[in-house]
file upload18.cif (mmCIF, C-alpha atoms and all ligand atoms)
data_entry
loop_
_atom_site.label_atom_id
_atom_site.label_comp_id
_atom_site.auth_asym_id
_atom_site.auth_seq_id
_atom_site.Cartn_x
_atom_site.Cartn_y
_atom_site.Cartn_z
CA MET A 1 0.00 0.00 0.00
CA TRP A 2 2.81 2.44 0.80
CA GLY A 3 4.85 1.75 -2.33
CA LYS A 4 7.37 -0.35 -0.45
CA ARG A 5 9.24 -3.47 -1.55
CA ASP A 6 7.26 -6.70 -1.20
CA ASP A 7 10.00 -8.16 0.97
CA MET A 8 9.99 -5.39 3.62
CA ILE A 9 10.15 -6.77 7.16
CA VAL A 10 6.82 -5.44 8.43
CA HIS A 11 6.77 -5.27 12.23
CA ASP A 12 3.29 -3.63 12.35
CA GLU A 13 0.75 -3.01 9.58
CA GLU A 14 -1.05 -0.21 11.46
CA PRO A 15 0.66 1.99 12.38
CA PHE A 16 3.01 0.97 9.60
CA ASN A 17 6.44 0.01 10.93
CA ALA A 18 8.79 -1.66 8.48
CA GLU A 19 12.46 -2.01 7.62
CA PRO A 20 14.02 -3.46 4.47
CA PRO A 21 15.92 -6.74 4.40
CA PRO A 22 19.50 -5.59 5.19
CA ALA A 23 20.85 -6.56 1.74
CA ALA A 24 18.44 -4.04 0.15
CA LEU A 25 20.56 -1.23 1.63
CA ALA A 26 23.93 -2.68 0.59
CA GLY A 27 26.17 -0.89 -1.84
CA GLN A 28 23.99 2.12 -2.59
CA PRO A 29 24.64 5.40 -0.80
CA LEU A 30 21.07 6.61 -1.45
CA THR A 31 18.19 4.40 -0.36
CA PRO A 32 15.36 4.07 -2.88
CA ILE A 33 12.06 5.23 -1.33
CA GLU A 34 10.63 1.73 -1.75
CA ALA A 35 13.33 0.41 0.61
CA PHE A 36 13.46 3.33 3.09
CA TYR A 37 12.42 2.25 6.60
CA SER A 38 9.15 3.55 7.98
CA ARG A 39 8.43 4.38 11.64
CA ASN A 40 5.01 5.57 12.75
CA HIS A 41 3.25 5.95 16.10
CA GLY A 42 -0.25 6.41 14.71
CA PRO A 43 -2.19 6.23 11.44
CA SER A 44 -0.60 8.39 8.73
CA PRO A 45 -2.62 11.57 8.10
CA ASP A 46 -3.74 12.29 4.55
CA LEU A 47 -3.06 16.04 4.22
CA ASP A 48 -3.96 17.98 1.08
CA PRO A 49 -0.88 19.98 -0.05
CA ALA A 50 -3.23 22.71 -1.35
CA THR A 51 -4.78 23.40 2.06
CA TRP A 52 -1.80 22.46 4.27
CA ARG A 53 -0.57 25.36 6.40
CA LEU A 54 2.46 25.78 8.63
CA ARG A 55 1.91 27.98 11.69
CA ILE A 56 4.94 29.46 13.46
CA GLY A 57 4.36 31.04 16.85
CA GLY A 58 5.37 31.12 20.51
CA LEU A 59 8.24 33.41 21.52
CA VAL A 60 8.44 35.20 18.17
CA ASP A 61 8.29 38.82 17.01
CA ARG A 62 5.91 37.91 14.16
CA GLU A 63 3.59 34.91 13.94
CA LEU A 64 3.63 33.33 10.47
CA VAL A 65 1.17 31.19 8.56
CA LEU A 66 2.68 29.72 5.40
CA SER A 67 1.17 27.70 2.57
CA LEU A 68 3.36 25.22 0.69
CA ALA A 69 3.71 27.68 -2.21
CA GLU A 70 4.74 30.47 0.16
CA LEU A 71 7.30 28.22 1.85
CA GLN A 72 8.74 27.32 -1.55
CA GLN A 73 8.78 30.88 -2.93
CA ARG A 74 9.71 33.01 0.08
CA PHE A 75 12.80 31.05 1.09
CA THR A 76 15.80 29.65 -0.80
CA PRO A 77 15.36 25.93 -1.57
CA ARG A 78 18.22 23.55 -0.80
CA THR A 79 18.83 19.85 -1.18
CA GLU A 80 20.86 17.78 1.30
CA VAL A 81 21.81 14.12 1.59
CA VAL A 82 20.82 13.07 5.10
CA THR A 83 20.72 9.69 6.83
CA LEU A 84 17.80 9.10 9.18
CA GLU A 85 18.25 6.54 11.91
CA CYS A 86 15.65 5.49 14.46
CA ALA A 87 16.88 5.42 18.07
CA GLY A 88 15.47 1.87 18.16
CA ASN A 89 17.72 0.63 15.33
CA ARG A 90 19.21 -2.75 16.32
CA ARG A 91 16.87 -3.12 19.33
CA ALA A 92 16.49 -6.85 18.53
CA GLU A 93 19.99 -7.44 19.91
CA LEU A 94 19.03 -5.72 23.19
CA LEU A 95 15.87 -7.85 23.33
CA ALA A 96 18.02 -10.96 23.19
CA VAL A 97 19.69 -9.76 26.41
CA ARG A 98 16.50 -9.04 28.37
CA PRO A 99 12.85 -8.56 27.31
CA ILE A 100 11.64 -5.09 26.26
CA PRO A 101 7.83 -5.33 26.23
CA GLY A 102 5.77 -3.25 23.82
CA GLN A 103 8.62 -2.02 21.62
CA VAL A 104 9.24 -2.80 17.94
CA PRO A 105 12.02 -5.44 17.57
CA TRP A 106 13.98 -3.51 14.94
CA GLY A 107 16.89 -5.17 13.16
CA PRO A 108 19.89 -3.31 11.71
CA ALA A 109 18.04 -1.66 8.79
CA THR A 110 16.11 1.06 10.65
CA ILE A 111 18.46 3.50 8.98
CA SER A 112 18.25 4.89 5.45
CA THR A 113 19.64 7.77 3.41
CA ALA A 114 17.85 10.11 0.99
CA THR A 115 18.21 13.49 -0.66
CA TRP A 116 15.81 15.89 0.98
CA THR A 117 14.67 19.11 -0.70
CA GLY A 118 13.19 21.98 1.23
CA VAL A 119 14.20 25.18 2.96
CA SER A 120 16.36 25.81 5.99
CA LEU A 121 14.31 25.97 9.16
CA ALA A 122 16.80 28.70 10.16
CA ASP A 123 15.49 31.00 7.39
CA VAL A 124 11.88 30.50 8.44
CA LEU A 125 12.74 31.10 12.11
CA ALA A 126 14.64 34.26 11.17
CA ALA A 127 11.51 35.55 9.38
CA ALA A 128 9.49 34.97 12.57
CA GLY A 129 12.21 36.49 14.77
CA PRO A 130 12.87 34.42 17.91
CA GLY A 131 12.11 36.59 20.97
CA ALA A 132 13.64 36.88 24.45
CA GLY A 133 13.82 33.60 26.35
CA ALA A 134 13.63 31.42 23.21
CA ALA A 135 15.66 28.23 23.73
CA HIS A 136 13.82 25.34 22.04
CA VAL A 137 11.88 24.81 18.82
CA ALA A 138 8.92 22.41 19.10
CA PHE A 139 7.20 20.70 16.17
CA ALA A 140 3.62 19.42 16.24
CA ALA A 141 1.90 17.00 13.88
CA PRO A 142 -1.73 15.79 13.66
CA ASP A 143 -1.16 12.01 13.81
CA VAL A 144 -2.41 10.57 17.09
CA SER A 145 -0.72 7.64 18.81
CA PRO A 146 -3.48 5.28 20.02
CA SER A 147 -1.28 3.93 22.83
CA VAL A 148 -0.84 7.32 24.52
CA ASP A 149 -3.79 9.15 22.92
CA GLN A 150 -1.63 12.13 21.96
CA PRO A 151 -0.62 13.73 18.69
CA TYR A 152 3.04 13.36 17.73
CA GLY A 153 5.41 16.14 18.75
CA SER A 154 9.05 16.73 19.48
CA SER A 155 11.61 19.53 19.83
CA ILE A 156 15.22 20.46 19.26
CA PRO A 157 17.38 23.12 20.91
CA LEU A 158 17.26 26.56 19.24
CA PRO A 159 20.98 26.57 18.25
CA LYS A 160 20.50 23.31 16.30
CA ALA A 161 17.28 24.67 14.74
CA CYS A 162 19.19 27.78 13.59
CA SER A 163 22.19 25.84 12.27
CA GLY A 164 21.10 25.86 8.63
CA GLU A 165 21.20 22.11 8.05
CA VAL A 166 17.77 21.46 9.59
CA LEU A 167 15.22 21.36 6.77
CA LEU A 168 11.52 21.77 6.25
CA ALA A 169 11.42 19.27 3.40
CA TRP A 170 8.81 18.68 0.72
CA GLY A 171 10.96 16.52 -1.59
CA MET A 172 12.65 13.13 -1.16
CA ASN A 173 15.00 11.59 -3.75
CA GLY A 174 13.73 14.12 -6.31
CA VAL A 175 10.00 13.46 -5.96
CA PRO A 176 7.33 15.09 -3.78
CA LEU A 177 7.64 13.80 -0.22
CA PRO A 178 5.47 10.66 -0.06
CA ARG A 179 2.64 10.66 2.47
CA ILE A 180 4.16 7.79 4.49
CA HIS A 181 7.36 9.83 4.95
CA GLY A 182 5.53 12.95 6.14
CA GLY A 183 4.23 14.63 2.98
CA PRO A 184 3.46 17.36 2.21
CA VAL A 185 6.18 18.69 4.57
CA ARG A 186 8.35 17.22 7.31
CA VAL A 187 11.24 18.33 9.46
CA VAL A 188 14.62 16.71 8.72
CA VAL A 189 17.11 17.07 11.59
CA PRO A 190 20.50 15.81 10.35
CA GLY A 191 22.61 14.06 12.97
CA TYR A 192 19.73 13.64 15.45
CA ILE A 193 17.64 10.55 16.22
CA GLY A 194 14.86 10.09 13.66
CA ALA A 195 12.20 10.89 16.28
CA ARG A 196 13.10 14.59 16.05
CA SER A 197 12.40 14.70 12.28
CA VAL A 198 8.69 15.32 12.70
CA LYS A 199 6.51 14.27 9.74
CA TRP A 200 3.33 16.10 8.61
CA VAL A 201 4.50 19.15 10.56
CA GLN A 202 1.78 21.76 11.01
CA ARG A 203 2.94 23.93 13.90
CA ILE A 204 6.31 25.21 15.00
CA SER A 205 6.53 26.80 18.41
CA ILE A 206 9.55 28.68 19.70
CA GLN A 207 9.63 28.29 23.44
CA ALA A 208 11.70 28.46 26.63
CA GLY A 209 11.59 24.70 27.34
CA PRO A 210 11.50 21.48 25.32
CA SER A 211 8.26 20.10 23.85
CA GLU A 212 5.88 18.74 26.47
CA SER A 213 4.75 16.03 24.08
CA TYR A 214 4.96 12.49 25.46
CA PHE A 215 7.45 11.73 22.65
CA GLN A 216 9.89 14.33 24.02
CA ALA A 217 9.10 14.42 27.73
CA GLU A 218 8.79 10.69 28.39
CA ASP A 219 9.69 8.64 25.33
CA TYR A 220 13.01 8.57 23.47
CA ARG A 221 14.90 8.72 26.74
CA LEU A 222 17.71 6.52 27.96
CA LEU A 223 16.97 5.14 31.41
CA PRO A 224 19.20 3.17 33.77
CA PRO A 225 18.45 -0.58 33.49
CA ASP A 226 16.07 -0.86 36.45
CA ALA A 227 14.43 2.58 36.30
CA GLU A 228 10.72 3.19 35.68
CA PRO A 229 9.82 5.56 32.83
CA GLY A 230 8.23 8.89 33.69
CA PRO A 231 8.12 12.50 32.48
CA GLY A 232 11.56 14.07 32.49
CA ARG A 233 13.34 10.89 33.57
CA GLY A 234 16.51 9.66 31.87
CA ILE A 235 18.66 11.17 29.15
CA SER A 236 16.64 12.89 26.42
CA LEU A 237 18.08 11.59 23.15
CA GLY A 238 19.12 14.11 20.50
CA PRO A 239 22.44 13.76 18.66
CA LEU A 240 23.07 10.24 17.37
CA THR A 241 25.82 7.96 18.60
CA MET A 242 28.29 6.36 16.20
CA THR A 243 27.14 2.97 14.95
CA SER A 244 27.65 0.34 12.26
CA GLY A 245 25.74 -2.56 10.75
CA ILE A 246 26.38 -5.58 8.53
CA LEU A 247 24.10 -5.74 5.46
CA CYS A 248 25.63 -8.68 3.52
CA PRO A 249 25.73 -11.60 3.89
CA ASP A 250 22.00 -11.39 4.58
CA GLY A 251 20.65 -14.85 5.32
CA GLU A 252 21.41 -17.86 7.41
CA ARG A 253 23.45 -19.88 4.87
CA VAL A 254 26.32 -18.87 2.62
CA PRO A 255 28.69 -20.97 0.47
CA ALA A 256 32.28 -21.42 1.72
CA GLY A 257 35.08 -19.37 0.13
CA PRO A 258 35.63 -15.68 -0.63
CA THR A 259 32.52 -13.77 0.47
CA ASP A 260 31.70 -10.08 0.14
CA VAL A 261 30.94 -8.50 3.49
CA ILE A 262 29.17 -5.15 3.13
CA GLY A 263 27.89 -2.75 5.73
CA TYR A 264 27.31 0.81 6.86
CA ALA A 265 28.89 2.98 9.50
CA PHE A 266 27.52 6.27 10.70
CA ALA A 267 29.54 8.82 12.64
CA ALA A 268 27.91 11.12 15.12
CA GLU A 269 27.28 14.81 14.39
CA GLY A 270 29.85 16.34 12.10
CA ARG A 271 32.39 13.52 12.44
CA THR A 272 33.70 10.98 9.91
CA ILE A 273 34.27 7.23 10.07
CA VAL A 274 37.93 6.66 9.25
CA ARG A 275 38.27 2.93 9.87
CA VAL A 276 36.11 -0.18 9.98
CA ASP A 277 37.51 -3.44 11.38
CA VAL A 278 35.99 -6.81 10.53
CA SER A 279 36.67 -10.03 12.45
CA LEU A 280 35.92 -13.73 12.08
CA ASP A 281 37.14 -14.64 15.57
CA ARG A 282 35.04 -12.34 17.80
CA GLY A 283 37.60 -9.57 17.81
CA ARG A 284 40.82 -11.49 18.49
CA THR A 285 42.13 -10.49 15.02
CA TRP A 286 40.78 -7.88 12.63
CA THR A 287 41.08 -6.93 8.97
CA GLN A 288 40.32 -3.43 7.73
CA ALA A 289 37.44 -2.90 5.32
CA ALA A 290 37.44 -0.30 2.52
CA VAL A 291 35.38 2.66 3.74
CA ASP A 292 33.62 4.94 1.23
CA ASP A 293 33.61 8.71 1.64
CA PRO A 294 30.32 9.96 3.08
CA PRO A 295 27.93 11.36 0.46
CA SER A 296 27.57 14.38 2.79
CA THR A 297 28.51 15.54 6.29
CA TRP A 298 25.17 14.20 7.48
CA ALA A 299 25.19 10.77 5.86
CA TRP A 300 26.36 7.27 6.58
CA GLN A 301 29.41 5.65 4.97
CA LEU A 302 29.28 2.29 3.28
CA TRP A 303 32.13 -0.19 3.68
CA HIS A 304 33.05 -3.51 2.14
CA THR A 305 35.63 -6.27 2.29
CA THR A 306 36.02 -9.88 1.16
CA LEU A 307 36.52 -12.62 3.74
CA ASP A 308 37.47 -16.22 3.07
CA LEU A 309 34.81 -18.13 5.02
CA PRO A 310 35.65 -21.70 6.07
CA SER A 311 32.81 -24.27 6.32
CA GLY A 312 30.94 -24.37 9.60
CA PRO A 313 29.20 -21.81 11.80
CA ALA A 314 30.71 -18.33 11.50
CA GLU A 315 30.31 -15.11 13.43
CA ILE A 316 31.22 -11.92 11.56
CA THR A 317 31.90 -8.87 13.71
CA ALA A 318 32.49 -5.26 12.66
CA ARG A 319 33.35 -2.09 14.54
CA ALA A 320 33.85 1.46 13.31
CA TRP A 321 36.25 4.18 14.44
CA ASP A 322 35.71 7.91 13.97
CA ASP A 323 38.18 10.72 13.41
CA THR A 324 38.40 11.44 17.15
CA GLY A 325 39.64 7.86 17.73
CA ALA A 326 36.36 6.79 19.35
CA THR A 327 34.95 3.34 18.64
CA GLN A 328 31.85 1.30 19.48
CA PRO A 329 31.20 -0.60 22.72
CA GLU A 330 31.64 -4.38 22.46
CA PHE A 331 28.44 -5.89 23.83
CA PRO A 332 24.73 -4.98 23.76
CA ALA A 333 24.40 -6.28 27.34
CA SER A 334 26.38 -3.30 28.64
CA LEU A 335 23.99 -0.93 26.84
CA TRP A 336 20.65 -2.54 27.76
CA ASN A 337 18.01 0.01 28.75
CA PRO A 338 14.27 -0.36 29.44
CA ALA A 339 13.02 1.13 26.14
CA GLY A 340 15.81 -0.40 24.05
CA TYR A 341 17.44 2.67 22.51
CA ASP A 342 20.90 3.45 21.18
CA ASN A 343 22.32 -0.03 20.68
CA ASN A 344 25.57 0.90 18.98
CA SER A 345 27.59 -2.14 20.04
CA TRP A 346 29.82 -4.00 17.55
CA ALA A 347 27.81 -5.24 14.59
CA ARG A 348 27.47 -9.05 14.60
CA ILE A 349 25.89 -11.67 12.36
CA ARG A 350 25.93 -15.42 12.56
CA VAL A 351 25.86 -17.56 9.40
CA ASP A 352 26.20 -21.24 8.51
CA VAL A 353 28.94 -21.60 5.89
CA GLY A 354 29.09 -24.46 3.40
N1 LIG B 1 6.57 12.23 12.91
C1 LIG B 1 5.27 12.01 13.16
N2 LIG B 1 4.40 13.01 12.93
N3 LIG B 1 4.82 10.83 13.62
C2 LIG B 1 5.69 9.79 13.88
O1 LIG B 1 5.25 8.70 14.30
N4 LIG B 1 8.03 9.04 13.89
C3 LIG B 1 9.38 9.53 14.13
C4 LIG B 1 9.79 10.52 13.05
N5 LIG B 1 8.76 11.50 12.84
C5 LIG B 1 7.08 9.99 13.65
C6 LIG B 1 7.47 11.25 13.13
C7 LIG B 1 10.39 8.50 14.19
S1 LIG B 1 10.50 7.66 15.66
C8 LIG B 1 11.28 8.26 13.18
S2 LIG B 1 12.55 7.18 13.37
C9 LIG B 1 11.15 8.93 11.89
O2 LIG B 1 10.03 9.82 11.86
C10 LIG B 1 10.98 7.91 10.77
O3 LIG B 1 10.82 8.54 9.55
P1 LIG B 1 10.35 7.68 8.30
O4 LIG B 1 9.11 6.94 8.65
O5 LIG B 1 10.17 8.66 7.19
O6 LIG B 1 11.48 6.72 7.99
#
call {"tool": "encode", "arguments": {"input": "upload18.cif", "output": "structure tokens", "more": "lines below"}}
Ligand code: MTE
result
Amino acid sequence: MWGKRDDMIVHDEEPFNAEPPPAALAGQPLTPIEAFYSRNHGPSPDLDPATWRLRIGGLVDRELVLSLAELQQRFTPRTEVVTLECAGNRRAELLAVRPIPGQVPWGPATISTATWTGVSLADVLAAAGPGAGAAHVAFAAPDVSPSVDQPYGSSIPLPKACSGEVLLAWGMNGVPLPRIHGGPVRVVVPGYIGARSVKWVQRISIQAGPSESYFQAEDYRLLPPDAEPGPGRGISLGPLTMTSGILCPDGERVPAGPTDVIGYAFAAEGRTIVRVDVSLDRGRTWTQAAVDDPPSTWAWQLWHTTLDLPSGPAEITARAWDDTGATQPEFPASLWNPAGYDNNSWARIRVDVG
């Protein structure tokens, strides 16, 4: 129904939550829309681009109401390559450590990269004129999550919102933004967890504090292992952590011999992955994969190598290093948290060879 590949791994039909089979992401810096993961908390609204309006208010000198045509004509359009990653990417590995009830068991493909066309949120905010006390920019959408009976909302700090790279986007990979990805207009926050890139955005509020939406105040927070969730508890997730994933081989059985191993690595805000190590002996010895340049400052990097796989069960491990010398933690167990966010441990797959 949503123009996705037939072989998407659909975790929920309604709201639609799906990721592609990992191999569908391999080897292509830009993800085709039909393979791009989809994360929704409620039914997707069907908004008419002709009547859609964006309202900007709160601590501003001038309130604005913009139609799509006004947004497109009043501000300078720009196109950026940006990777979106859900904070729940690779949750399945955390689930294997300890149960995480009620959360989608995402594999390693809840990450995708597209070109996004729109205008800088910074330009729109400048036209409204942030007033005294402004510190956060909150986004509100009309889709209602049945589990919490609240419309979706989120916020980012004002300096990030004014940084230029944050977009109000109406285009994706050169076509009008599809409804399932937030059309007619969504926010794209490069370098931040996907939850902050609010789809179907209708209202932007400049305010002193973060959004009071459940999805900012209570969800998308990193809690200590035995803590209970609650408003304001835990670390509110914003900037992404460095991670990596293995995309190929994708399947339980592979023939013995030279085998292409392909994956992605994604550095945190503004940094670059400079090395990816791959191991067949759980990290006792490593070989270095070839790492592609990122298609933009805000995008993942693909990597590949060829390993000679002997017959029998094999475990392939990968870890990335960024240009500050930081690398990934070894085990998901040390990262386990009650909502299952931010699993950026070494990438691991197990295959039967032969
Ligand atoms: N925006 C709205 N309005 N409703 C949502 O459910 N999900 C968020 C974000 N924006 C969401 C939203 C989450 S958690 C993620 S990871 C991204 O959208 C996913 O974007 P995509 O579905 O286009 O891949």
call {"tool": "closest_residue", "arguments": {"input": "upload18.cif", "among": "A:Asp219, A:Asp48, A:Asp123, A:Glu13", "to": "ligand LIG 1 (chain B)", "atoms": "all atoms listed in the file"}}
result
A:Asp219
call {"tool": "closest_residue", "arguments": {"input": "upload18.cif", "among": "A:Leu121, A:Leu280, A:Ala140, A:Ile316", "to": "ligand LIG 1 (chain B)", "atoms": "all atoms listed in the file"}}
result
A:Ala140
call {"tool": "residues_around", "arguments": {"input": "upload18.cif", "residues": "Ala69 of chain A", "least_positions_apart": "3", "cutoff": "12 Å", "atoms": "all atoms listed in the file", "output": "compact mmCIF listing (two decimals) with C-alpha atoms, keeping the file's coordinate frame"}}
result
# COMPACT_ATOMS: atom_id res chain seq x y z
CA PRO A 49 -0.88 19.98 -0.05
CA ALA A 50 -3.23 22.71 -1.35
CA THR A 51 -4.78 23.40 2.06
CA TRP A 52 -1.80 22.46 4.27
CA ARG A 53 -0.57 25.36 6.40
CA LEU A 54 2.46 25.78 8.63
CA VAL A 65 1.17 31.19 8.56
CA LEU A 66 2.68 29.72 5.40
CA GLN A 72 8.74 27.32 -1.55
CA GLN A 73 8.78 30.88 -2.93
CA ARG A 74 9.71 33.01 0.08
CA PHE A 75 12.80 31.05 1.09
CA PRO A 77 15.36 25.93 -1.57
CA GLY A 118 13.19 21.98 1.23
CA VAL A 119 14.20 25.18 2.96
CA TRP A 170 8.81 18.68 0.72
CA PRO A 184 3.46 17.36 2.21
CA VAL A 185 6.18 18.69 4.57
call {"tool": "residues_near_ligand", "arguments": {"input": "upload18.cif", "ligand": "ligand LIG 1 (chain B)", "cutoff": "9 Å", "atoms": "all atoms listed in the file", "output": "ChimeraX atom specification"}}
result
/A:15-19,36-45,84-89,110-112,139-145,151-154,178,180-182,186-188,193-201,215,220
call {"tool": "closest_residue", "arguments": {"input": "upload18.cif", "among": "A:Arg203, A:Arg221, A:Lys4, A:Arg319", "to": "Ile273 of chain A", "atoms": "all atoms listed in the file"}}
result
A:Arg319
call {"tool": "closest_residue", "arguments": {"input": "upload18.cif", "among": "A:Ala339, A:Ala290, A:Ala24, A:Leu71", "to": "Gly230 of chain A", "atoms": "only C-alpha atoms"}}
result
A:Ala339
call {"tool": "atom_distance", "arguments": {"input": "upload18.cif", "atom1": "atom CA of Pro225 of chain A", "atom2": "atom CA of Leu335 of chain A"}}
result
8.7 Å
call {"tool": "closest_atom_pairs", "arguments": {"input": "upload18.cif", "of": "segment 196-281 of chain A", "to": "segment 90-93 of chain A", "cutoff": "12 Å", "atoms": "only C-alpha atoms", "output": "tab-separated table"}}
result
residue	atom	partner	partner_atom	distance
A:Thr243	CA	A:Arg90	CA	9.9
A:Ser244	CA	A:Arg90	CA	9.9
A:Gly245	CA	A:Arg90	CA	8.6
A:Ile246	CA	A:Arg90	CA	11.0
call {"tool": "write_last_selection", "arguments": {"input": "upload18.cif", "atoms": "C-alpha atoms", "output": "PDB file, in the coordinates of the input"}}
result
ATOM      1  CA  THR A 243      27.140   2.970  14.950  1.00  0.00           C
ATOM      2  CA  SER A 244      27.650   0.340  12.260  1.00  0.00           C
ATOM      3  CA  GLY A 245      25.740  -2.560  10.750  1.00  0.00           C
ATOM      4  CA  ILE A 246      26.380  -5.580   8.530  1.00  0.00           C
TER       5      ILE A 246
END
call {"tool": "atom_distance", "arguments": {"input": "upload18.cif", "atom1": "atom CA of His304 of chain A", "atom2": "atom CA of Ile262 of chain A"}}
result
4.3 Å
call {"tool": "atom_distance", "arguments": {"input": "upload18.cif", "atom1": "atom CA of Val124 of chain A", "atom2": "atom CA of Arg62 of chain A"}}
result
11.1 Å
call {"tool": "residues_around", "arguments": {"input": "upload18.cif", "residues": "Glu315 of chain A", "least_positions_apart": "5", "cutoff": "9 Å", "atoms": "all atoms listed in the file", "output": "ChimeraX atom specification"}}
result
/A:279-282,348-352
call {"tool": "write_last_selection", "arguments": {"input": "upload18.cif", "atoms": "C-alpha atoms", "output": "PDB file, in the coordinates of the input"}}
result
ATOM      1  CA  SER A 279      36.670 -10.030  12.450  1.00  0.00           C
ATOM      2  CA  LEU A 280      35.920 -13.730  12.080  1.00  0.00           C
ATOM      3  CA  ASP A 281      37.140 -14.640  15.570  1.00  0.00           C
ATOM      4  CA  ARG A 282      35.040 -12.340  17.800  1.00  0.00           C
ATOM      5  CA  ARG A 348      27.470  -9.050  14.600  1.00  0.00           C
ATOM      6  CA  ILE A 349      25.890 -11.670  12.360  1.00  0.00           C
ATOM      7  CA  ARG A 350      25.930 -15.420  12.560  1.00  0.00           C
ATOM      8  CA  VAL A 351      25.860 -17.560   9.400  1.00  0.00           C
ATOM      9  CA  ASP A 352      26.200 -21.240   8.510  1.00  0.00           C
TER      10      ASP A 352
END
call {"tool": "residues_around", "arguments": {"input": "upload18.cif", "residues": "Thr287 of chain A", "least_positions_apart": "3", "cutoff": "10 Å", "atoms": "only C-alpha atoms", "output": "PyMOL selection string"}}
result
chain A and resi 276-280+283+290+305-307+318
call {"tool": "build_atoms", "arguments": {"input": "upload18.cif", "residues": "segment 247-260 of chain A", "atoms": "N, CA, C and O atoms", "output": "PDB file, keeping the file's coordinate frame"}}
result
ATOM      1  N   LEU A 247      25.249  -5.603   6.375  1.00  0.00           N
ATOM      2  CA  LEU A 247      24.100  -5.740   5.460  1.00  0.00           C
ATOM      3  C   LEU A 247      24.181  -7.015   4.625  1.00  0.00           C
ATOM      4  O   LEU A 247      23.154  -7.581   4.262  1.00  0.00           O
ATOM      5  N   CYS A 248      25.394  -7.444   4.287  1.00  0.00           N
ATOM      6  CA  CYS A 248      25.630  -8.680   3.520  1.00  0.00           C
ATOM      7  C   CYS A 248      26.807  -9.395   4.144  1.00  0.00           C
ATOM      8  O   CYS A 248      27.778  -8.711   4.472  1.00  0.00           O
ATOM      9  N   PRO A 249      26.801 -10.697   4.297  1.00  0.00           N
ATOM     10  CA  PRO A 249      25.730 -11.600   3.890  1.00  0.00           C
ATOM     11  C   PRO A 249      24.443 -11.323   4.669  1.00  0.00           C
ATOM     12  O   PRO A 249      24.482 -10.936   5.821  1.00  0.00           O
ATOM     13  N   ASP A 250      23.317 -11.585   3.991  1.00  0.00           N
ATOM     14  CA  ASP A 250      22.000 -11.390   4.580  1.00  0.00           C
ATOM     15  C   ASP A 250      21.255 -12.704   4.419  1.00  0.00           C
ATOM     16  O   ASP A 250      20.734 -12.997   3.364  1.00  0.00           O
ATOM     17  N   GLY A 251      21.271 -13.527   5.438  1.00  0.00           N
ATOM     18  CA  GLY A 251      20.650 -14.850   5.320  1.00  0.00           C
ATOM     19  C   GLY A 251      21.399 -15.795   6.241  1.00  0.00           C
ATOM     20  O   GLY A 251      22.461 -15.442   6.773  1.00  0.00           O
ATOM     21  N   GLU A 252      20.825 -16.968   6.418  1.00  0.00           N
ATOM     22  CA  GLU A 252      21.410 -17.860   7.410  1.00  0.00           C
ATOM     23  C   GLU A 252      22.497 -18.752   6.839  1.00  0.00           C
ATOM     24  O   GLU A 252      23.323 -19.276   7.563  1.00  0.00           O
ATOM     25  N   ARG A 253      22.500 -18.942   5.509  1.00  0.00           N
ATOM     26  CA  ARG A 253      23.450 -19.880   4.870  1.00  0.00           C
ATOM     27  C   ARG A 253      24.212 -19.206   3.765  1.00  0.00           C
ATOM     28  O   ARG A 253      23.616 -18.507   2.947  1.00  0.00           O
ATOM     29  N   VAL A 254      25.527 -19.376   3.743  1.00  0.00           N
ATOM     30  CA  VAL A 254      26.320 -18.870   2.620  1.00  0.00           C
ATOM     31  C   VAL A 254      27.331 -19.940   2.199  1.00  0.00           C
ATOM     32  O   VAL A 254      27.767 -20.739   3.033  1.00  0.00           O
ATOM     33  N   PRO A 255      27.686 -19.985   0.901  1.00  0.00           N
ATOM     34  CA  PRO A 255      28.690 -20.970   0.470  1.00  0.00           C
ATOM     35  C   PRO A 255      30.070 -20.631   1.046  1.00  0.00           C
ATOM     36  O   PRO A 255      30.359 -19.450   1.300  1.00  0.00           O
ATOM     37  N   ALA A 256      30.918 -21.658   1.224  1.00  0.00           N
ATOM     38  CA  ALA A 256      32.280 -21.420   1.720  1.00  0.00           C
ATOM     39  C   ALA A 256      33.104 -20.720   0.647  1.00  0.00           C
ATOM     40  O   ALA A 256      32.765 -20.753  -0.533  1.00  0.00           O
ATOM     41  N   GLY A 257      34.173 -20.036   1.077  1.00  0.00           N
ATOM     42  CA  GLY A 257      35.080 -19.370   0.130  1.00  0.00           C
ATOM     43  C   GLY A 257      34.981 -17.864   0.262  1.00  0.00           C
ATOM     44  O   GLY A 257      34.371 -17.337   1.203  1.00  0.00           O
ATOM     45  N   PRO A 258      35.597 -17.149  -0.721  1.00  0.00           N
ATOM     46  CA  PRO A 258      35.630 -15.680  -0.630  1.00  0.00           C
ATOM     47  C   PRO A 258      34.206 -15.110  -0.664  1.00  0.00           C
ATOM     48  O   PRO A 258      33.418 -15.448  -1.554  1.00  0.00           O
ATOM     49  N   THR A 259      33.887 -14.295   0.299  1.00  0.00           N
ATOM     50  CA  THR A 259      32.520 -13.770   0.470  1.00  0.00           C
ATOM     51  C   THR A 259      32.582 -12.265   0.683  1.00  0.00           C
ATOM     52  O   THR A 259      33.352 -11.781   1.532  1.00  0.00           O
ATOM     53  N   ASP A 260      31.764 -11.536  -0.058  1.00  0.00           N
ATOM     54  CA  ASP A 260      31.700 -10.080   0.140  1.00  0.00           C
ATOM     55  C   ASP A 260      30.958  -9.780   1.437  1.00  0.00           C
ATOM     56  O   ASP A 260      29.853 -10.281   1.652  1.00  0.00           O
TER      57      ASP A 260
END
